[in-house]
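Asks: Contents are CSV, C-alpha atoms; file name final_11.csv:
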```
chain,number,residue,atom,x,y,z
A,804,MET,CA,78.8,261.1,4.0
A,805,ASN,CA,80.7,260.6,0.7
A,806,ILE,CA,84.1,259.0,0.2
A,807,ILE,CA,86.1,260.1,-2.8
A,808,LEU,CA,88.8,257.8,-4.1
A,809,VAL,CA,91.4,259.4,-6.4
A,810,ARG,CA,93.1,257.2,-9.0
A,811,ASN,CA,95.9,258.0,-11.4
A,812,THR,CA,95.3,257.2,-15.0
A,813,LYS,CA,97.1,257.9,-18.2
A,814,SER,CA,94.8,260.6,-19.1
A,815,GLY,CA,95.1,262.2,-15.7
A,816,PHE,CA,93.5,261.8,-12.3
A,817,GLY,CA,90.1,260.1,-11.8
A,818,HIS,CA,87.9,259.7,-8.8
A,819,VAL,CA,85.3,257.3,-7.5
A,820,THR,CA,82.7,258.5,-5.1
A,821,LEU,CA,81.5,256.0,-2.4
A,822,THR,CA,78.2,256.9,-0.9
A,823,ARG,CA,77.3,255.9,2.6
A,824,GLY,CA,75.2,252.9,1.4
A,825,VAL,CA,78.0,251.5,-0.7
A,826,VAL,CA,80.3,251.7,2.3
A,827,LEU,CA,77.8,249.9,4.5
A,828,VAL,CA,77.4,247.1,2.0
A,829,LEU,CA,81.2,246.7,1.6
A,830,SER,CA,81.6,246.5,5.4
A,831,VAL,CA,79.0,243.8,5.8
A,832,THR,CA,80.5,241.9,3.0
A,833,LEU,CA,84.0,242.0,4.6
A,834,VAL,CA,82.7,241.0,8.0
A,835,LEU,CA,80.7,238.0,6.8
A,836,ILE,CA,82.3,236.8,3.7
A,837,LEU,CA,86.0,236.8,4.8
A,838,PRO,CA,85.5,234.5,7.9
A,839,LEU,CA,83.4,232.2,5.9
A,840,ALA,CA,86.1,232.1,3.2
A,841,PHE,CA,88.8,231.3,5.8
A,842,LEU,CA,86.6,228.6,7.4
A,843,ALA,CA,86.0,227.0,4.0
A,844,LEU,CA,89.7,227.2,3.3
A,845,GLY,CA,90.5,225.6,6.6
A,846,TYR,CA,88.0,222.8,6.1
A,847,PHE,CA,89.4,222.1,2.7
A,848,VAL,CA,93.0,222.0,3.9
A,849,GLY,CA,91.9,219.8,6.9
A,850,SER,CA,89.9,217.5,4.7
A,851,LYS,CA,92.8,217.2,2.4
A,852,HIS,CA,95.4,216.2,5.0
A,853,GLY,CA,93.4,214.8,8.0
A,854,THR,CA,91.0,212.2,6.5
A,855,LEU,CA,91.2,209.3,4.0
A,856,ALA,CA,89.7,209.4,0.6
A,857,PRO,CA,86.5,207.3,0.2
A,858,GLY,CA,88.4,204.6,-1.7
A,859,ALA,CA,91.1,204.2,1.0
A,860,LEU,CA,88.5,204.2,3.7
A,861,TYR,CA,86.6,201.3,2.0
A,862,GLU,CA,89.8,199.3,1.6
A,863,ASN,CA,90.6,199.7,5.4
A,864,LEU,CA,87.1,198.6,6.4
A,865,HIS,CA,87.2,195.6,4.0
A,866,SER,CA,90.6,194.6,5.4
A,867,GLU,CA,89.4,194.8,9.0
A,868,LEU,CA,86.3,192.8,8.1
A,869,GLN,CA,88.4,190.1,6.6
A,870,ILE,CA,90.5,189.9,9.8
A,871,GLN,CA,87.4,189.6,12.0
A,872,ARG,CA,85.9,187.0,9.7
A,873,ALA,CA,89.1,184.9,9.9
A,874,LYS,CA,89.0,185.1,13.7
A,875,VAL,CA,85.4,183.9,13.7
A,876,ASP,CA,86.3,181.1,11.3
A,877,ASP,CA,89.1,180.0,13.6
A,878,SER,CA,86.8,180.0,16.6
A,879,VAL,CA,84.2,178.0,14.8
A,880,ARG,CA,86.9,175.5,13.5
A,881,ASN,CA,88.3,175.1,17.0
A,882,ALA,CA,84.9,174.6,18.5
A,883,ARG,CA,84.1,172.0,15.8
A,884,ASP,CA,87.4,170.2,16.4
A,885,ASN,CA,86.8,170.1,20.2
A,886,MET,CA,83.2,168.8,19.6
A,887,ASN,CA,84.5,166.1,17.3
A,888,ALA,CA,87.1,165.0,19.8
A,889,LEU,CA,84.4,164.9,22.6
A,890,THR,CA,82.1,162.9,20.3
A,891,LEU,CA,84.9,160.4,19.5
A,892,ARG,CA,85.7,160.0,23.2
A,893,LEU,CA,82.0,159.6,24.0
A,894,GLY,CA,81.7,156.9,21.3
A,895,GLN,CA,84.7,155.1,22.8
A,896,MET,CA,83.2,155.2,26.3
A,897,GLN,CA,79.9,153.9,24.9
A,898,ALA,CA,81.7,151.0,23.3
A,899,GLN,CA,83.5,150.3,26.6
A,900,ALA,CA,80.2,150.4,28.5
A,901,ILE,CA,78.6,147.9,26.1
A,902,ARG,CA,81.6,145.6,26.5
A,903,LEU,CA,81.3,145.9,30.3
A,904,ASP,CA,77.6,145.1,30.1
A,905,ALA,CA,78.3,142.0,28.1
A,906,LEU,CA,81.1,141.0,30.3
A,907,GLY,CA,79.0,141.6,33.4
A,908,ASP,CA,76.3,139.4,32.0
A,909,ARG,CA,78.8,136.6,31.3
A,910,LEU,CA,80.3,136.9,34.8
A,911,THR,CA,76.8,136.8,36.4
A,912,LYS,CA,76.1,133.5,34.6
A,913,MET,CA,79.5,132.0,35.3
A,914,ALA,CA,79.4,132.9,39.0
A,915,ASP,CA,75.7,131.7,39.2
A,916,LEU,CA,74.6,135.0,40.6
A,917,ASP,CA,71.0,136.2,40.8
A,918,LYS,CA,70.2,138.3,37.7
A,919,GLY,CA,67.8,140.4,39.7
A,920,GLU,CA,70.7,141.5,41.9
A,921,PHE,CA,73.1,142.2,39.1
A,922,ASN,CA,71.2,143.4,36.1
A,923,PHE,CA,73.7,145.2,33.8
A,924,LYS,CA,70.9,146.4,31.6
A,925,GLN,CA,69.5,148.7,34.3
A,926,ARG,CA,70.9,151.7,36.1
A,927,PRO,CA,72.3,151.0,39.6
A,928,ALA,CA,69.9,151.8,42.3
A,929,GLN,CA,70.7,155.3,43.8
A,930,GLY,CA,68.8,157.9,45.7
A,931,GLY,CA,68.7,160.1,48.8
A,932,PRO,CA,66.7,163.1,50.2
A,933,GLU,CA,66.2,166.0,47.9
A,934,SER,CA,68.8,168.6,48.4
A,935,SER,CA,67.9,172.3,48.7
A,936,ASP,CA,71.3,173.4,47.5
A,937,LYS,CA,71.6,174.8,44.0
A,938,VAL,CA,73.3,172.6,41.4
A,939,THR,CA,76.5,174.3,40.3
A,940,PRO,CA,77.2,174.1,36.6
A,941,LEU,CA,80.3,172.2,35.8
A,942,PRO,CA,83.0,174.3,34.0
A,943,VAL,CA,84.0,173.0,30.6
A,944,SER,CA,87.6,172.3,31.7
A,945,ASP,CA,86.3,170.3,34.7
A,946,PHE,CA,83.9,168.5,32.4
A,947,VAL,CA,86.7,167.4,30.0
A,948,SER,CA,89.0,166.3,32.8
A,949,THR,CA,86.1,164.3,34.4
A,950,LEU,CA,85.4,162.7,31.1
A,951,GLU,CA,89.0,161.6,30.7
A,952,ALA,CA,89.1,160.3,34.3
A,953,LEU,CA,85.9,158.3,33.7
A,954,SER,CA,87.3,156.9,30.4
A,955,LYS,CA,90.4,155.7,32.2
A,956,GLN,CA,88.3,154.2,35.0
A,957,LEU,CA,86.2,152.3,32.5
A,958,GLU,CA,89.3,150.9,30.8
A,959,ASN,CA,90.7,149.8,34.1
A,960,ARG,CA,87.5,148.1,35.2
A,961,SER,CA,87.3,146.4,31.8
A,962,GLN,CA,90.8,145.0,32.3
A,963,GLN,CA,90.1,143.8,35.8
A,964,LEU,CA,86.8,142.2,34.8
A,965,SER,CA,88.6,140.4,31.9
A,966,VAL,CA,91.1,139.0,34.4
A,967,LEU,CA,88.3,137.9,36.6
A,968,GLU,CA,86.5,136.3,33.7
A,969,THR,CA,89.7,134.4,32.9
A,970,LEU,CA,90.0,133.2,36.4
A,971,LEU,CA,86.3,132.1,36.5
A,972,MET,CA,86.7,130.3,33.1
A,973,ASN,CA,89.8,128.5,34.4
A,974,ARG,CA,88.0,127.6,37.6
A,975,ASN,CA,84.9,126.4,35.7
A,976,LEU,CA,87.1,124.5,33.2
A,977,GLN,CA,88.8,122.7,36.1
A,978,ALA,CA,85.4,121.9,37.5
A,979,GLU,CA,84.2,120.7,34.1
A,980,VAL,CA,87.1,118.3,33.5
A,981,PHE,CA,87.5,117.1,37.1
A,982,PRO,CA,85.7,113.8,37.7
A,983,ALA,CA,83.0,114.5,40.2
A,984,GLY,CA,79.5,113.2,40.8
A,985,ARG,CA,77.4,110.1,40.2
A,986,PRO,CA,77.6,108.5,36.7
A,987,VAL,CA,74.0,107.3,37.0
A,988,GLU,CA,70.8,109.2,37.8
A,989,SER,CA,69.2,106.3,39.6
A,990,GLY,CA,70.4,103.1,41.2
A,991,TRP,CA,72.3,102.2,44.3
A,992,ILE,CA,75.9,101.2,45.1
A,993,SER,CA,76.1,97.4,45.1
A,994,SER,CA,79.8,97.0,45.7
A,995,TYR,CA,82.5,99.4,46.9
A,996,PHE,CA,86.2,99.9,46.1
A,997,GLY,CA,88.7,97.6,47.8
A,998,ASN,CA,88.8,94.1,49.2
A,999,ARG,CA,85.6,92.1,48.9
A,1000,THR,CA,84.3,88.6,48.4
A,1001,ASP,CA,84.6,87.6,44.8
A,1002,PRO,CA,81.0,87.1,43.5
A,1003,PHE,CA,82.2,84.2,41.1
A,1004,LYS,CA,85.0,82.4,42.8
A,1005,GLY,CA,84.4,83.2,46.5
A,1006,GLY,CA,87.3,84.2,48.7
A,1007,LEU,CA,88.8,87.6,49.1
A,1008,GLY,CA,89.6,89.7,46.1
A,1009,HIS,CA,90.3,93.3,45.2
A,1010,HIS,CA,87.6,95.4,43.5
A,1011,GLY,CA,89.0,98.3,41.5
A,1012,GLY,CA,85.9,100.4,41.2
A,1013,ILE,CA,82.3,101.0,42.4
A,1014,ASP,CA,79.3,99.1,41.1
A,1015,PHE,CA,76.0,100.9,40.6
A,1016,ALA,CA,73.1,98.5,40.3
A,1017,GLY,CA,70.1,99.7,38.4
A,1018,LYS,CA,67.5,99.1,35.7
A,1019,ASP,CA,68.7,97.4,32.5
A,1020,GLY,CA,69.1,100.0,29.8
A,1021,SER,CA,69.1,103.0,32.1
A,1022,SER,CA,71.3,106.0,31.3
A,1023,ILE,CA,75.0,106.3,32.1
A,1024,LYS,CA,76.6,109.7,32.0
A,1025,VAL,CA,80.2,110.9,31.9
A,1026,VAL,CA,81.2,112.6,35.2
A,1027,ALA,CA,83.6,115.1,33.5
A,1028,SER,CA,84.3,116.5,30.1
A,1029,GLY,CA,87.0,114.8,28.0
A,1030,LEU,CA,88.0,112.7,25.0
A,1031,VAL,CA,86.8,109.2,24.4
A,1032,THR,CA,89.9,107.0,24.1
A,1033,PHE,CA,88.2,103.6,24.1
A,1034,ALA,CA,84.7,102.4,23.1
A,1035,GLY,CA,84.2,98.7,22.7
A,1036,GLU,CA,84.6,95.3,24.3
A,1037,ARG,CA,87.4,94.6,26.7
A,1038,GLY,CA,87.7,91.3,28.6
A,1039,GLY,CA,85.8,91.1,31.9
A,1040,TYR,CA,84.6,94.8,31.5
A,1041,GLY,CA,82.3,93.7,28.7
A,1042,ASN,CA,81.4,96.8,26.7
A,1043,LEU,CA,83.6,99.6,28.0
A,1044,VAL,CA,83.9,103.3,27.5
A,1045,GLU,CA,87.0,105.1,28.7
A,1046,VAL,CA,87.3,108.9,28.7
A,1047,ASP,CA,90.5,110.9,29.2
A,1048,HIS,CA,89.9,114.2,31.1
A,1049,GLY,CA,93.4,115.6,31.1
A,1050,ASN,CA,95.6,116.4,34.2
A,1051,GLY,CA,96.3,112.7,34.5
A,1052,TYR,CA,92.6,111.7,35.1
A,1053,SER,CA,90.5,109.2,33.2
A,1054,THR,CA,87.3,107.3,33.9
A,1055,ARG,CA,86.0,103.9,32.9
A,1056,TYR,CA,82.4,102.7,32.4
A,1057,GLY,CA,82.0,98.9,32.2
A,1058,HIS,CA,79.4,96.2,31.5
A,1059,CYS,CA,77.4,98.6,29.2
A,1060,LYS,CA,74.5,97.2,27.3
A,1061,GLU,CA,75.0,99.7,24.5
A,1062,ILE,CA,77.7,102.3,23.7
A,1063,LEU,CA,76.5,105.7,22.4
A,1064,VAL,CA,79.9,107.3,21.6
A,1065,SER,CA,83.0,106.5,19.5
A,1066,VAL,CA,86.7,106.9,20.0
A,1067,GLY,CA,87.8,110.4,19.3
A,1068,ASP,CA,84.5,112.0,20.4
A,1069,MET,CA,84.6,115.0,22.7
A,1070,VAL,CA,82.0,114.6,25.5
A,1071,LYS,CA,80.7,117.1,27.9
A,1072,LYS,CA,80.1,116.6,31.6
A,1073,GLY,CA,76.7,115.0,32.2
A,1074,GLN,CA,76.4,113.7,28.6
A,1075,GLU,CA,74.9,110.3,28.1
A,1076,ILE,CA,77.6,107.9,26.8
A,1077,SER,CA,76.1,104.4,27.2
A,1078,LEU,CA,73.2,102.3,28.6
A,1079,MET,CA,73.5,100.1,31.7
A,1080,GLY,CA,73.8,96.4,31.0
A,1081,SER,CA,75.3,93.1,32.1
A,1082,THR,CA,78.0,92.4,29.5
A,1083,GLY,CA,81.4,90.8,30.5
A,1084,HIS,CA,82.1,89.5,34.0
A,1085,SER,CA,78.7,90.5,35.5
A,1086,THR,CA,75.9,89.0,37.6
A,1087,GLY,CA,73.2,91.5,36.5
A,1088,PRO,CA,72.6,94.9,35.1
A,1089,HIS,CA,75.0,97.4,36.7
A,1090,LEU,CA,77.7,99.9,36.0
A,1091,HIS,CA,81.3,99.2,37.0
A,1092,PHE,CA,82.8,102.7,37.5
A,1093,GLU,CA,86.6,103.4,37.8
A,1094,VAL,CA,88.7,106.5,38.2
A,1095,VAL,CA,92.3,106.4,37.1
A,1096,HIS,CA,94.8,109.1,38.2
A,1097,ASN,CA,98.3,109.1,36.7
A,1098,GLY,CA,98.0,105.5,35.6
A,1099,THR,CA,96.8,104.2,39.0
A,1100,ILE,CA,93.3,103.1,39.8
A,1101,VAL,CA,92.0,105.0,42.8
A,1102,ASN,CA,89.0,104.9,45.0
A,1103,PRO,CA,86.1,106.5,43.1
A,1104,ARG,CA,84.1,107.2,46.2
A,1105,GLU,CA,85.7,110.5,47.0
A,1106,TYR,CA,85.1,111.6,43.4
A,1107,VAL,CA,81.5,110.4,43.4
A,1108,ASP,CA,80.9,112.4,46.6
A,1109,ALA,CA,82.9,115.5,45.5
A,1110,LYS,CA,81.2,118.8,44.6
A,1111,PRO,CA,83.1,120.9,42.1
A,1112,ALA,CA,81.7,124.1,43.6
A,1113,GLU,CA,83.4,123.3,46.9
A,1114,LEU,CA,86.6,122.1,45.3
A,1115,PHE,CA,87.2,125.1,43.0
A,1116,GLY,CA,85.1,127.8,44.8
A,1117,SER,CA,82.7,128.4,41.8
```
Represent the structure contained in this file as structure tokens.

Replies:
Amino acid sequence: MNIILVRNTKSGFGHVTLTRGVVLVLSVTLVLILPLAFLALGYFVGSKHGTLAPGALYENLHSELQIQRAKVDDSVRNARDNMNALTLRLGQMQAQAIRLDALGDRLTKMADLDKGEFNFKQRPAQGGPESSDKVTPLPVSDFVSTLEALSKQLENRSQQLSVLETLLMNRNLQAEVFPAGRPVESGWISSYFGNRTDPFKGGLGHHGGIDFAGKDGSSIKVVASGLVTFAGERGGYGNLVEVDHGNGYSTRYGHCKEILVSVGDMVKKGQEISLMGSTGHSTGPHLHFEVVHNGTIVNPREYVDAKPAELFGS
């Protein structure tokens, strides 16, 4: 089959003859090429209007990356701040625990407690049968609240123990300055307080103290801490030491062979202050011991027999 196409030209009519093969080629071309052309055109138009250019896409990705990086930095910063706060709190609690250990050791000594029973350098004894239950992890929020509660408890215990220490110190101080106990380590009472036969003149006379007879040169110790207000010779007392203990109390130690302290010295309970002798109005080596309360000489016997631990509960 032949197809003749007639065309009008200036010189007249012309014609083009299309053979069967040419028509077939043209038909195949139209069927295949045109759809592909329209598809390419659609893709071009869609790409032009539906997606971003490579440069814009890079900018969007970079911006999103910066946002995510900022969020990560904030999370790390918050975690670091929280960890620093917990570390600071832990340091404070450690300091409180050290202070409580030191305070506990002092209280153990002040209260004369057995160190084996109250050893603040070891963990308290605890125990019990092994539990078959699984241990539940403590949530972070509960951990923080528990830490805060423990810190407050430590602070409260520290304050309470400090008050207790003050009470014990006051009690021990009272026991320290209260005249109590024997002023000599050895010897015997040769004369009591009150009316007695005068060893020099005969007849009845008043004796204002207690005499402790003993070995010449033996030790005489102060029965309470205080301030030496007199150290020297005084009339019938011979060599005399007088100590002011405060609260209206003072004690006197007469007939000393040698005085070992001076006026103005601070002496501690049990300290040696003189040696036993027979100076002054005396018939032999002994100590004349007096207790003065608010300016009045009182019977020393109750003070000699007194025990500070029973008087002040220490």

Asks: Using all atoms listed in the file, list the residues that have an atom at most 7 Å from (75.9, 98.4, 36.2), coordinates as in the file, as a list in words.

Replies: Asp1014, Phe1015, Ala1016, Gly1017, His1058, Met1079, Gly1080, Ser1081, Pro1088, His1089, Leu1090 and His1091 of chain A

Asks: Please identify all polymer residues within 6 Å of range 1060-1070 of chain A, counting all atoms listed in the file, omitting same-chain residues fewer than 4 positions from it, and present them as a PyMOL selection string.

Replies: chain A and resi 1028-1034+1076-1080

Asks: Kindly save the residues from that selection, with C-alpha atoms included, as a compact mmCIF listing (two decimals), in the coordinates of the input.

Replies:
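And here's selection-v5.txt as it stands now:
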```txt
# COMPACT_ATOMS: atom_id res chain seq x y z
CA SER A 1028 84.30 116.50 30.10
CA GLY A 1029 87.00 114.80 28.00
CA LEU A 1030 88.00 112.70 25.00
CA VAL A 1031 86.80 109.20 24.40
CA THR A 1032 89.90 107.00 24.10
CA PHE A 1033 88.20 103.60 24.10
CA ALA A 1034 84.70 102.40 23.10
CA ILE A 1076 77.60 107.90 26.80
CA SER A 1077 76.10 104.40 27.20
CA LEU A 1078 73.20 102.30 28.60
CA MET A 1079 73.50 100.10 31.70
CA GLY A 1080 73.80 96.40 31.00
```

Asks: Show me, as a PyMOL selection string, the residues that have an atom within 8 Å of His1010 in chain A when counting all atoms listed in the file, minus same-chain residues fewer than 6 positions from it.

Replies: chain A and resi 995-999

Asks: Rounded to one decimal place, report the CA of Asn1050 in chain A-CA of Ser965 in chain A distance in Å.

Replies: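 If I compute the distance from CA of Asn1050 in chain A to CA of Ser965 in chain A, I get 25.1 Å.
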
Asks: What does the distance between CA of Ile901 in chain A and CA of Asn887 in chain A come to in Å, to one decimal place?

Replies: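 Separation between CA of Ile901 in chain A and CA of Asn887 in chain A: 21.1 Å.
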
Asks: So the first atom is CA of Gln977 in chain A and the second is CA of Ser1022 in chain A; what is the distance between them in Å, to one decimal place?

Replies: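 These two atoms are separated by 24.7 Å.
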